[in-house]
$ cat start-v3.txt   # compact mmCIF, C-alpha atoms
# COMPACT_ATOMS: atom_id res chain seq x y z
CA MET A 24 0.00 0.00 0.00
CA SER A 25 1.30 3.47 -0.80
CA ASP A 26 2.12 5.88 2.05
CA ARG A 27 -0.88 7.94 0.99
CA GLY A 28 -3.09 4.86 1.03
CA LYS A 29 -1.94 3.86 4.52
CA VAL A 30 -2.71 7.29 5.89
CA LEU A 31 -6.10 7.40 4.22
CA ALA A 32 -7.06 3.90 5.36
CA SER A 33 -5.96 4.53 8.94
CA THR A 34 -7.52 7.97 9.21
CA ALA A 35 -10.76 7.19 7.41
CA CYS A 36 -11.41 3.96 9.29
CA ALA A 37 -10.72 5.51 12.67
CA VAL A 38 -13.22 8.26 11.86
CA ILE A 39 -15.96 6.11 10.38
CA ALA A 40 -15.92 3.50 13.09
CA THR A 41 -16.60 6.12 15.72
CA CYS A 42 -18.82 8.54 13.81
CA GLY A 43 -20.03 6.54 10.82
CA ILE A 44 -20.26 7.53 7.19
CA THR A 45 -23.42 7.14 5.17
CA LEU A 46 -23.11 6.73 1.42
CA ALA A 47 -25.77 9.04 0.07
CA ILE A 48 -26.25 6.87 -3.01
CA ALA A 49 -27.00 3.83 -0.82
CA ARG A 50 -29.12 5.69 1.72
CA LYS A 51 -31.72 6.55 -0.90
CA THR A 52 -32.34 2.94 -1.93
CA ALA A 53 -32.07 0.78 1.19
CA ARG A 54 -32.40 0.93 4.93
CA GLY A 55 -29.33 0.92 7.14
CA ARG A 56 -25.94 2.54 6.85
CA MET A 57 -22.67 1.73 5.16
CA PHE A 58 -19.23 2.78 6.29
CA ALA A 59 -16.59 3.37 3.62
CA ILE A 60 -12.83 3.60 3.42
CA LYS A 61 -11.88 5.49 0.28
CA ASP A 62 -8.73 6.90 -1.26
CA ASP A 63 -10.68 9.37 -3.38
CA ASP A 64 -13.76 11.53 -2.91
CA SER A 65 -15.84 10.42 -5.89
CA VAL A 66 -18.82 9.34 -3.77
CA SER A 67 -20.79 11.83 -1.69
CA THR A 68 -20.70 11.08 2.03
CA LYS A 69 -22.45 12.42 5.10
CA ILE A 70 -21.35 12.08 8.71
CA GLN A 71 -23.79 10.33 11.06
CA ASN A 72 -23.43 9.67 14.78
CA GLU A 73 -26.05 7.01 15.48
CA ASP A 74 -24.87 4.14 13.27
CA VAL A 75 -24.17 1.63 16.04
CA SER A 76 -26.79 1.23 18.79
CA ASP A 77 -25.94 1.40 22.48
CA ASP A 78 -26.98 -2.24 22.79
CA ALA A 79 -24.56 -3.26 20.03
CA ARG A 80 -21.74 -1.31 21.69
CA ALA A 81 -22.18 -3.33 24.87
CA ARG A 82 -21.78 -6.68 23.10
CA PRO A 83 -18.51 -8.31 21.94
CA ILE A 84 -17.78 -7.71 18.27
CA ALA A 85 -17.43 -10.55 15.79
CA LEU A 86 -15.78 -9.19 12.65
CA VAL A 87 -16.44 -11.02 9.37
CA LEU A 88 -13.74 -10.14 6.81
CA THR A 89 -14.61 -10.80 3.15
CA SER A 90 -13.17 -9.93 -0.23
CA HIS A 91 -16.19 -9.09 -2.38
CA PRO A 92 -19.86 -8.14 -2.06
CA ASP A 93 -21.89 -11.41 -1.89
CA ASP A 94 -19.12 -13.43 -0.13
CA GLU A 95 -21.00 -12.93 3.12
CA SER A 96 -24.19 -14.40 1.64
CA TYR A 97 -22.86 -17.33 -0.40
CA PHE A 98 -20.16 -18.49 2.03
CA PHE A 99 -20.58 -17.09 5.54
CA ALA A 100 -24.35 -16.88 6.11
CA PRO A 101 -24.54 -19.84 8.58
CA THR A 102 -21.71 -18.32 10.66
CA ILE A 103 -23.27 -14.84 10.64
CA GLN A 104 -26.61 -16.28 11.78
CA PHE A 105 -24.94 -18.22 14.58
CA LEU A 106 -22.87 -15.27 15.79
CA ARG A 107 -25.88 -12.99 15.85
CA ARG A 108 -28.01 -15.47 17.77
CA SER A 109 -25.20 -16.09 20.26
CA GLY A 110 -25.24 -12.45 21.31
CA ARG A 111 -22.36 -11.04 19.27
CA SER A 112 -22.48 -7.72 17.47
CA VAL A 113 -21.66 -8.78 13.91
CA HIS A 114 -19.60 -6.35 11.82
CA LEU A 115 -18.79 -6.96 8.16
CA VAL A 116 -15.70 -5.53 6.47
CA CYS A 117 -15.68 -6.08 2.70
CA LEU A 118 -12.29 -5.32 1.17
CA SER A 119 -13.56 -4.24 -2.26
CA ASP A 120 -16.68 -2.93 -3.97
CA GLY A 121 -16.72 -5.78 -6.50
CA ALA A 122 -16.45 -3.48 -9.49
CA ALA A 123 -14.62 -6.12 -11.54
CA GLY A 124 -17.78 -8.24 -11.46
CA GLY A 125 -20.21 -5.43 -12.22
CA ASP A 126 -21.02 -1.83 -11.39
CA GLY A 127 -19.39 -0.97 -8.07
CA GLU A 128 -22.13 1.41 -6.95
CA GLU A 129 -24.84 -1.12 -7.72
CA ARG A 130 -22.99 -3.85 -5.87
CA LYS A 131 -22.66 -1.63 -2.80
CA ARG A 132 -26.39 -1.00 -2.84
CA GLU A 133 -26.98 -4.74 -3.06
CA LEU A 134 -24.56 -5.39 -0.22
CA LEU A 135 -26.42 -2.96 1.98
CA LYS A 136 -29.64 -4.88 1.33
CA ALA A 137 -27.89 -8.16 2.17
CA LYS A 138 -26.66 -6.56 5.40
CA GLU A 139 -30.27 -5.90 6.33
CA ALA A 140 -31.35 -9.43 5.37
CA LEU A 141 -28.67 -10.94 7.62
CA GLU A 142 -29.21 -8.32 10.35
CA ILE A 143 -25.54 -7.34 10.42
CA GLU A 144 -24.87 -4.48 12.84
CA ALA A 145 -22.23 -2.58 10.86
CA LEU A 146 -20.84 -2.69 7.33
CA CYS A 147 -17.60 -1.26 6.02
CA VAL A 148 -16.66 -1.32 2.33
CA VAL A 149 -13.04 -0.60 1.41
CA GLU A 150 -12.39 1.33 -1.78
CA THR A 151 -8.68 1.74 -2.39
CA GLU A 152 -6.58 1.13 -5.50
CA ASP A 153 -4.49 -1.51 -3.70
CA LEU A 154 -7.61 -3.65 -3.20
CA ARG A 155 -9.27 -3.42 -6.59
CA ASP A 156 -10.83 -6.83 -7.11
CA GLY A 157 -10.01 -9.25 -9.92
CA MET A 158 -8.48 -12.63 -10.58
CA ASP A 159 -5.29 -10.89 -11.72
CA ARG A 160 -5.03 -8.62 -8.67
CA ASP A 161 -2.81 -10.02 -5.90
CA TRP A 162 -3.60 -7.75 -2.97
CA PRO A 163 -0.80 -6.47 -0.71
CA ARG A 164 -1.10 -8.25 2.64
CA GLU A 165 0.07 -5.10 4.39
CA THR A 166 -3.01 -3.27 3.11
CA VAL A 167 -5.32 -5.92 4.55
CA MET A 168 -3.45 -5.59 7.86
CA ALA A 169 -3.76 -1.79 7.76
CA VAL A 170 -7.53 -2.06 7.31
CA LEU A 171 -7.83 -4.42 10.27
CA ASP A 172 -5.66 -2.17 12.42
CA ALA A 173 -7.70 0.90 11.57
CA TYR A 174 -11.06 -0.80 12.08
CA GLU A 175 -9.99 -2.22 15.43
CA GLU A 176 -8.70 1.19 16.56
CA GLY A 177 -11.98 2.91 15.83
CA ALA A 178 -14.42 0.11 16.62
CA PRO A 179 -17.17 0.91 19.16
CA GLY A 180 -16.08 -2.03 21.34
CA ALA A 181 -13.55 -4.83 21.67
CA ILE A 182 -13.22 -7.21 18.74
CA GLU A 183 -13.61 -10.67 20.23
CA SER A 184 -13.18 -12.68 17.04
CA VAL A 185 -12.43 -12.40 13.32
CA VAL A 186 -13.87 -14.81 10.74
CA THR A 187 -12.45 -14.99 7.22
CA PHE A 188 -11.35 -17.37 4.46
CA ASP A 189 -8.79 -20.12 4.92
CA GLY A 190 -5.60 -20.39 2.87
CA ARG A 191 -7.39 -21.94 -0.11
CA GLY A 192 -10.17 -19.37 -0.11
CA VAL A 193 -13.05 -21.81 -0.79
CA SER A 194 -12.76 -21.25 -4.54
CA GLY A 195 -9.05 -20.52 -4.79
CA HIS A 196 -9.76 -16.90 -5.77
CA ILE A 197 -6.55 -14.90 -5.45
CA ASN A 198 -8.35 -12.14 -3.51
CA HIS A 199 -9.74 -14.65 -1.00
CA VAL A 200 -6.26 -16.07 -0.44
CA ALA A 201 -4.79 -12.58 0.08
CA THR A 202 -7.57 -11.80 2.56
CA HIS A 203 -6.66 -14.89 4.56
CA GLU A 204 -2.93 -14.25 4.47
CA GLY A 205 -3.36 -10.62 5.51
CA ALA A 206 -5.54 -11.63 8.46
CA LYS A 207 -3.08 -14.35 9.45
CA MET A 208 -0.14 -11.94 9.36
CA TRP A 209 -2.18 -9.42 11.36
CA ILE A 210 -2.94 -11.82 14.21
CA GLU A 211 0.62 -13.18 14.26
CA ARG A 212 1.97 -9.65 14.60
CA LYS A 213 -0.48 -8.91 17.41
CA LYS A 214 0.62 -12.07 19.24
CA ASP A 215 4.28 -11.07 18.87
CA VAL A 216 3.54 -7.62 20.30
CA LEU A 217 1.59 -9.17 23.17
CA ALA A 218 4.47 -11.54 23.98
CA ALA A 219 6.98 -8.69 23.85
CA ASN A 220 4.86 -6.83 26.40
CA GLY A 221 4.91 -9.73 28.81
CA GLY A 222 1.68 -11.36 27.67
CA ASP A 223 -0.51 -8.84 29.46
CA GLY A 224 -3.74 -8.63 27.52
CA SER A 225 -5.45 -10.63 24.80
CA VAL A 226 -5.86 -10.80 21.05
CA PRO A 227 -8.95 -11.57 18.98
CA ARG A 228 -9.62 -15.17 18.09
CA VAL A 229 -9.31 -15.80 14.36
CA TRP A 230 -11.46 -18.44 12.70
CA VAL A 231 -11.17 -19.45 9.04
CA LEU A 232 -13.83 -20.99 6.82
CA GLU A 233 -12.59 -24.39 5.74
CA THR A 234 -12.22 -25.31 2.07
CA THR A 235 -13.18 -28.85 1.07
CA ASN A 236 -12.68 -30.98 -2.03
CA ILE A 237 -15.07 -30.41 -4.91
CA ALA A 238 -17.22 -33.48 -4.16
CA ARG A 239 -17.93 -32.28 -0.63
CA LYS A 240 -18.24 -28.67 -1.74
CA TYR A 241 -21.23 -29.49 -3.95
CA SER A 242 -22.83 -32.16 -1.78
CA GLY A 243 -25.05 -29.63 -0.05
CA ALA A 244 -26.55 -30.70 3.27
CA LEU A 245 -25.28 -34.27 2.69
CA ASP A 246 -21.86 -33.08 3.87
CA ALA A 247 -23.23 -32.38 7.36
CA ALA A 248 -22.33 -35.79 8.84
CA THR A 249 -18.75 -35.74 7.57
CA SER A 250 -18.26 -32.14 8.62
CA TYR A 251 -19.69 -32.73 12.08
CA LEU A 252 -17.49 -35.77 12.70
CA THR A 253 -14.32 -33.88 11.72
CA THR A 254 -15.07 -31.22 14.34
CA LEU A 255 -15.55 -33.80 17.10
CA VAL A 256 -11.91 -34.86 17.00
CA ASP A 257 -10.46 -31.34 17.01
CA SER A 258 -11.36 -28.74 19.63
CA ARG A 259 -10.11 -25.96 17.36
CA ARG A 260 -12.79 -26.73 14.78
CA ALA A 261 -16.45 -25.75 14.92
CA PHE A 262 -19.49 -27.09 13.07
CA ILE A 263 -22.13 -24.45 12.34
CA PRO A 264 -25.40 -25.40 10.62
CA CYS A 265 -27.55 -22.87 8.80
CA LEU A 266 -30.27 -21.61 11.14
CA SER A 267 -32.50 -20.07 8.46
CA LEU A 268 -32.39 -21.00 4.79
CA ALA A 269 -35.06 -18.38 4.09
CA GLU A 270 -32.83 -15.67 5.53
CA SER A 271 -29.85 -16.92 3.51
CA PHE A 272 -31.95 -16.91 0.34
CA ARG A 273 -33.05 -13.32 0.97
CA ALA A 274 -29.39 -12.37 1.37
CA VAL A 275 -28.19 -13.95 -1.88
CA ARG A 276 -31.23 -12.61 -3.75
CA ALA A 277 -30.31 -9.12 -2.55
CA HIS A 278 -27.28 -9.35 -4.86
CA LYS A 279 -29.59 -9.12 -7.87
CA SER A 280 -26.88 -8.35 -10.43
CA GLN A 281 -25.00 -11.52 -9.44
CA PHE A 282 -27.97 -13.84 -9.00
CA VAL A 283 -27.62 -15.55 -12.38
CA TRP A 284 -28.39 -19.19 -13.18
CA TYR A 285 -25.06 -20.71 -12.12
CA ARG A 286 -25.13 -18.86 -8.81
CA LYS A 287 -28.63 -20.15 -8.20
CA LEU A 288 -27.26 -23.66 -8.72
CA PHE A 289 -24.39 -22.85 -6.36
CA PHE A 290 -26.82 -21.77 -3.67
CA ALA A 291 -28.85 -24.95 -4.11
CA PHE A 292 -25.96 -27.43 -4.07
CA SER A 293 -23.13 -25.77 -2.12
CA ARG A 294 -22.39 -27.07 1.38
CA TYR A 295 -21.74 -23.46 2.41
CA THR A 296 -25.44 -22.75 2.05
CA TYR A 297 -26.30 -25.37 4.66
CA LEU A 298 -23.31 -25.36 6.97
CA ASN A 299 -19.90 -23.90 7.79
CA THR A 300 -16.93 -25.55 9.41
CA LEU A 301 -14.48 -23.12 10.98
CA ARG A 302 -10.91 -23.70 12.14
CA ARG A 303 -9.20 -21.51 14.73
CA ILE A 304 -5.72 -20.29 13.68
CA ASP A 305 -4.74 -17.72 16.34
$ encode --input "start-v3.txt" --output "structure tokens"
Amino acid sequence: MSDRGKVLASTACAVIATCGITLAIARKTARGRMFAIKDDDSVSTKIQNEDVSDDARARPIALVLTSHPDDESYFFAPTIQFLRRSGRSVHLVCLSDGAAGGDGEERKRELLKAKEALEIEALCVVETEDLRDGMDRDWPRETVMAVLDAYEEGAPGAIESVVTFDGRGVSGHINHVATHEGAKMWIERKKDVLAANGGDGSVPRVWVLETTNIARKYSGALDAATSYLTTLVDSRRAFIPCLSLAESFRAVRAHKSQFVWYRKLFFAFSRYTYLNTLRRID
């Protein structure tokens, strides 16, 4: 990330997490609010102070870190549902606006609707040149770390856990892999700092969404038994079933521009629709 980008990411995120930024273009078309980290001023913004409720501030934060709009709906919906129902304040940080797969402004509007469908407390979309999405864009891990640092610094409470992709990124997408590696480097650095300070304090727990082979990936709910058994023999793994398929469907349908025939098939047959298995790496 350029020096300018680091300053912008750090400053913008610290401001938005405490005050909030509403994208005017999104506010007109959907309920809720969207935070944004930008390295330009091409989108009109308006400062708000009531984005995160007092109740949400009192609860531990579970931060879901994704690469593109719709990742949260197609891959992480069971985990988001579980975290919300277990009393966590769920925050979503999406590292790009998905412009490579469509109109960036439209995809942000769709993401805001998905946020409402999944009842996510806070949403932050990162818009910086370093994190432009695409299969040919290998994101700097330091930029991912800078985003996490800035969001943690300005968050309305302590971040208890971070959930993101594993090293294979479910689909092998280069942006998913970079997201994982940046989060892994971030938590390793935090552990080193904690150890250097005598171990006084704590760091967030980091959980990664496990990638499976292609047969299991498209076995839908039939993968539940195998997935459950693998978590029984490892205390650092967790089995999370989907708690509401209707809610998950509303979330994926919110991404209207992406809800084409092959994604409908993915939703129907993917194990990630029906369950998640997470592995703790911190």
$ residues_around --input "start-v3.txt" --residues "A:Ala137" --least-positions-apart "2" --cutoff "6 Å" --atoms "only C-alpha atoms" --output "VMD selection string"
chain A and resid 134 to 135 139 to 140 274 277
$ closest_residue --input "start-v3.txt" --among "A:Thr89, A:Thr235, A:Ser225, A:Thr254" --to "A:Gly205" --atoms "only C-alpha atoms"
A:Thr89
$ atom_distance --input "start-v3.txt" --atom1 "atom CA of A:Val229" --atom2 "atom CA of A:Ile304"
5.8 Å
$ residues_around --input "start-v3.txt" --residues "A:Leu154" --least-positions-apart "3" --cutoff "12 Å" --atoms "all atoms listed in the file" --output "PDB file with C-alpha atoms, keeping the file's coordinate frame"
ATOM      1  CA  MET A  24       0.000   0.000   0.000  1.00  0.00           C
ATOM      2  CA  SER A  25       1.300   3.470  -0.800  1.00  0.00           C
ATOM      3  CA  GLY A  28      -3.090   4.860   1.030  1.00  0.00           C
ATOM      4  CA  ALA A  32      -7.060   3.900   5.360  1.00  0.00           C
ATOM      5  CA  ILE A  60     -12.830   3.600   3.420  1.00  0.00           C
ATOM      6  CA  LYS A  61     -11.880   5.490   0.280  1.00  0.00           C
ATOM      7  CA  ASP A  62      -8.730   6.900  -1.260  1.00  0.00           C
ATOM      8  CA  THR A  89     -14.610 -10.800   3.150  1.00  0.00           C
ATOM      9  CA  SER A  90     -13.170  -9.930  -0.230  1.00  0.00           C
ATOM     10  CA  HIS A  91     -16.190  -9.090  -2.380  1.00  0.00           C
ATOM     11  CA  CYS A 117     -15.680  -6.080   2.700  1.00  0.00           C
ATOM     12  CA  LEU A 118     -12.290  -5.320   1.170  1.00  0.00           C
ATOM     13  CA  SER A 119     -13.560  -4.240  -2.260  1.00  0.00           C
ATOM     14  CA  ASP A 120     -16.680  -2.930  -3.970  1.00  0.00           C
ATOM     15  CA  GLY A 121     -16.720  -5.780  -6.500  1.00  0.00           C
ATOM     16  CA  ALA A 122     -16.450  -3.480  -9.490  1.00  0.00           C
ATOM     17  CA  ALA A 123     -14.620  -6.120 -11.540  1.00  0.00           C
ATOM     18  CA  VAL A 148     -16.660  -1.320   2.330  1.00  0.00           C
ATOM     19  CA  VAL A 149     -13.040  -0.600   1.410  1.00  0.00           C
ATOM     20  CA  GLU A 150     -12.390   1.330  -1.780  1.00  0.00           C
ATOM     21  CA  THR A 151      -8.680   1.740  -2.390  1.00  0.00           C
ATOM     22  CA  GLY A 157     -10.010  -9.250  -9.920  1.00  0.00           C
ATOM     23  CA  MET A 158      -8.480 -12.630 -10.580  1.00  0.00           C
ATOM     24  CA  ASP A 159      -5.290 -10.890 -11.720  1.00  0.00           C
ATOM     25  CA  ARG A 160      -5.030  -8.620  -8.670  1.00  0.00           C
ATOM     26  CA  ASP A 161      -2.810 -10.020  -5.900  1.00  0.00           C
ATOM     27  CA  TRP A 162      -3.600  -7.750  -2.970  1.00  0.00           C
ATOM     28  CA  PRO A 163      -0.800  -6.470  -0.710  1.00  0.00           C
ATOM     29  CA  ARG A 164      -1.100  -8.250   2.640  1.00  0.00           C
ATOM     30  CA  GLU A 165       0.070  -5.100   4.390  1.00  0.00           C
ATOM     31  CA  THR A 166      -3.010  -3.270   3.110  1.00  0.00           C
ATOM     32  CA  VAL A 167      -5.320  -5.920   4.550  1.00  0.00           C
ATOM     33  CA  MET A 168      -3.450  -5.590   7.860  1.00  0.00           C
ATOM     34  CA  ALA A 169      -3.760  -1.790   7.760  1.00  0.00           C
ATOM     35  CA  VAL A 170      -7.530  -2.060   7.310  1.00  0.00           C
ATOM     36  CA  ILE A 197      -6.550 -14.900  -5.450  1.00  0.00           C
ATOM     37  CA  ASN A 198      -8.350 -12.140  -3.510  1.00  0.00           C
ATOM     38  CA  HIS A 199      -9.740 -14.650  -1.000  1.00  0.00           C
ATOM     39  CA  ALA A 201      -4.790 -12.580   0.080  1.00  0.00           C
ATOM     40  CA  THR A 202      -7.570 -11.800   2.560  1.00  0.00           C
ATOM     41  CA  GLY A 205      -3.360 -10.620   5.510  1.00  0.00           C
TER      42      GLY A 205
END
$ atom_distance --input "start-v3.txt" --atom1 "atom CA of A:Glu95" --atom2 "atom CA of A:Tyr241"
18.0 Å
$ closest_residue --input "start-v3.txt" --among "A:Lys131, A:Ile237, A:Asp94, A:Thr253" --to "A:His196" --atoms "only C-alpha atoms"
A:Asp94
$ closest_atom_pairs --input "start-v3.txt" --of "stretch 103-208 of chain A" --to "stretch 261-265 of chain A" --cutoff "10 Å" --atoms "only C-alpha atoms" --output "JSON lines"
{"residue": "A:Ile103", "atom": "CA", "partner": "A:Cys265", "partner_atom": "CA", "distance": 9.3}
{"residue": "A:Gln104", "atom": "CA", "partner": "A:Cys265", "partner_atom": "CA", "distance": 7.3}
{"residue": "A:Phe105", "atom": "CA", "partner": "A:Ile263", "partner_atom": "CA", "distance": 7.2}
{"residue": "A:Leu106", "atom": "CA", "partner": "A:Ile263", "partner_atom": "CA", "distance": 9.8}
$ closest_residue --input "start-v3.txt" --among "A:Gly222, A:Gly243, A:Pro101, A:Pro92" --to "A:Lys279" --atoms "only C-alpha atoms"
A:Pro92
$ decode --input "start-v3.txt" --residues "stretch 93-104 of chain A" --atoms "N, CA, C and O atoms" --output "compact mmCIF listing (two decimals), in the first residue's frame"
# COMPACT_ATOMS: atom_id res chain seq x y z
N ASP A 93 -21.21 -10.11 -1.75
CA ASP A 93 -21.89 -11.41 -1.89
C ASP A 93 -21.13 -12.56 -1.23
O ASP A 93 -21.69 -13.63 -1.03
N ASP A 94 -19.84 -12.38 -0.87
CA ASP A 94 -19.12 -13.43 -0.13
C ASP A 94 -19.85 -13.76 1.16
O ASP A 94 -19.94 -14.93 1.56
N GLU A 95 -20.34 -12.73 1.83
CA GLU A 95 -21.00 -12.93 3.12
C GLU A 95 -22.25 -13.78 2.99
O GLU A 95 -22.61 -14.55 3.90
N SER A 96 -22.92 -13.70 1.84
CA SER A 96 -24.19 -14.40 1.64
C SER A 96 -23.99 -15.82 1.12
O SER A 96 -24.66 -16.75 1.58
N TYR A 97 -23.07 -16.00 0.19
CA TYR A 97 -22.86 -17.33 -0.40
C TYR A 97 -21.98 -18.24 0.46
O TYR A 97 -22.10 -19.46 0.37
N PHE A 98 -21.10 -17.67 1.28
CA PHE A 98 -20.16 -18.49 2.03
C PHE A 98 -20.37 -18.45 3.54
O PHE A 98 -20.27 -19.48 4.22
N PHE A 99 -20.63 -17.27 4.10
CA PHE A 99 -20.58 -17.09 5.54
C PHE A 99 -21.94 -16.97 6.23
O PHE A 99 -21.98 -16.72 7.44
N ALA A 100 -23.03 -17.11 5.51
CA ALA A 100 -24.35 -16.88 6.11
C ALA A 100 -24.61 -17.74 7.36
O ALA A 100 -25.10 -17.22 8.37
N PRO A 101 -24.31 -19.06 7.35
CA PRO A 101 -24.54 -19.84 8.58
C PRO A 101 -23.77 -19.29 9.78
O PRO A 101 -24.30 -19.23 10.91
N THR A 102 -22.52 -18.86 9.56
CA THR A 102 -21.71 -18.32 10.66
C THR A 102 -22.28 -17.00 11.16
O THR A 102 -22.36 -16.76 12.37
N ILE A 103 -22.69 -16.13 10.25
CA ILE A 103 -23.27 -14.84 10.64
C ILE A 103 -24.53 -15.06 11.46
O ILE A 103 -24.75 -14.41 12.49
N GLN A 104 -25.38 -15.98 11.03
CA GLN A 104 -26.61 -16.28 11.78
C GLN A 104 -26.29 -16.78 13.18
O GLN A 104 -26.91 -16.37 14.17
